[in-house]
Amino acid sequence: RDEAERWQRDSVTIVDVSDPVNPRWVSKFDTSGSVGEIAASGTHAYLVEGGNLQVLDVSNPDDPRRVGHFTSVGQIGTIALSGDTVYISTGTWFGGPRLEVVDVSQPASPQRVGSYHYQSDTESVAVSGSYIFLAVGESELRVIDVKRSVTQRIGLVSTGGGAQKVAVSGNYAYLGESYVSERGQWQTRLAVIDVSNPSAPIQLGGIVTGDSLGGSLGGVAVSRGHVYIAARRFGL
């Protein structure tokens with residue numbers, strides 16, 4: 001019974017994938033609430049737990065430990081990590097949706113260093129260099145130049161669908177979105193956007209990736225010329 005209850009708790013699991021054919025369970029860290037998105041770099045992992053960003057020390061994968069946390073002004077939706085900075089999109093609890101910029105160079109005491117307010121919830125955040133890419137639910141990809149001001153949008157492109165997930169590689173952004181087809185069915189598609197000029201992104205093309213998926217994508221990732229799309233219960 002104790003073992004069953006232990007595995008029913010909300011948690012973060014660490015898996016050794018050095019042998020891709022035989023992934024090996026290493027450890028898990030129990031949390032007090034439901035875990036949302038997670039990002040990791042070096043010896044630290046950053047995970048969403050309600051309105052909090054939890055910081056874990058994973059230098060010893062067999063024994064992960066919480067070393068710090070950051071409390072957001074709203075419910076955290078999605079995060080992106082770049083160097084010592086975590087970009088957090090929040091819901092609409094206080095002051096409307098916003099992007100919070102958090103310095104995690106001191107893992108024990110993350111600090112907010114900037115924020116950007118917008119009108120609609122952001123479904124996904126990606127970072128490339130000094131640019132932040134926001135997939136906004138009202139069918140937009142927004143571009144922010146962090147070097148100028150995190151409050152200033154420099155680029156915008158509307159794709160016509162419900163933007164859900166975004167990934168960026170090189171001069172291209174890949175936007176997973178949902179829309180209702182002419183037959184009245186929910187479909188998902190991948191839009192390819194040229195962001196070589198971040199102030200003037202251009203949609204180049206797209207491909208329908210699924211039918212009758214309930215308009216829901218779990219994630220989009222890009223690596224070595226291929227895009228990987230998580231279609232929730234329909235697989236990869």
# chains A, B, ... in the order shown; residues from 1 in each chain; ligands from 1

$ select_by_dssp --residues "range 31-81 of chain A" --states "strand (DSSP E or B)" --output "JSON, numbers by chain"
{"A": [35, 36, 37, 38, 39, 40, 41, 44, 45, 46, 47, 48, 49, 52, 53, 54, 55, 56, 57, 65, 66, 67, 68, 69, 70, 71, 76, 77, 78, 79, 80, 81]}

$ closest_atom_pairs --of "range 19-116 of chain A" --to "range 137-143 of chain A" --cutoff "12 Å" --atoms "only C-alpha atoms" --output "tab-separated table"
residue	atom	partner	partner_atom	distance
A:Pro97	CA	A:Gly137	CA	11.6
A:Leu99	CA	A:Arg142	CA	11.9
A:Tyr116	CA	A:Val143	CA	11.7

$ residues_around --residues "Gly36 in chain A" --least-positions-apart "5" --cutoff "7 Å" --atoms "only C-alpha atoms" --output "NGL selection string"
:A and (47-49)

$ write_last_selection --atoms "N, CA, C and O atoms" --output "CSV table (one decimal), in the first residue's frame"
chain,number,residue,atom,x,y,z
A,47,LEU,N,10.9,23.7,-12.5
A,47,LEU,CA,9.6,23.1,-12.8
A,47,LEU,C,8.5,24.0,-12.3
A,47,LEU,O,8.6,24.8,-11.3
A,48,VAL,N,7.4,23.9,-13.0
A,48,VAL,CA,6.2,24.7,-12.7
A,48,VAL,C,5.3,23.9,-11.8
A,48,VAL,O,5.0,22.7,-12.0
A,49,GLU,N,4.9,24.5,-10.7
A,49,GLU,CA,4.0,23.9,-9.7
A,49,GLU,C,3.0,25.0,-9.3
A,49,GLU,O,3.2,25.8,-8.4

$ residues_around --residues "range 172-185 of chain A" --least-positions-apart "5" --cutoff "7 Å" --atoms "only C-alpha atoms" --output "ChimeraX atom specification"
/A:161-167,190-195,212,215-216,220

$ closest_residue --among "A:Ile207, A:Ala200, A:Val21, A:Val168" --to "Ser223 in chain A" --atoms "only C-alpha atoms"
A:Val168

$ closest_residue --among "A:Ser199, A:Ser41, A:Ser128, A:Ser169" --to "Asp84 in chain A" --atoms "only C-alpha atoms"
A:Ser41

$ residues_around --residues "Ser89 in chain A" --least-positions-apart "4" --cutoff "10 Å" --atoms "only C-alpha atoms" --output "ChimeraX atom specification"
/A:72,74-80,97-101,115-117,121-125,134
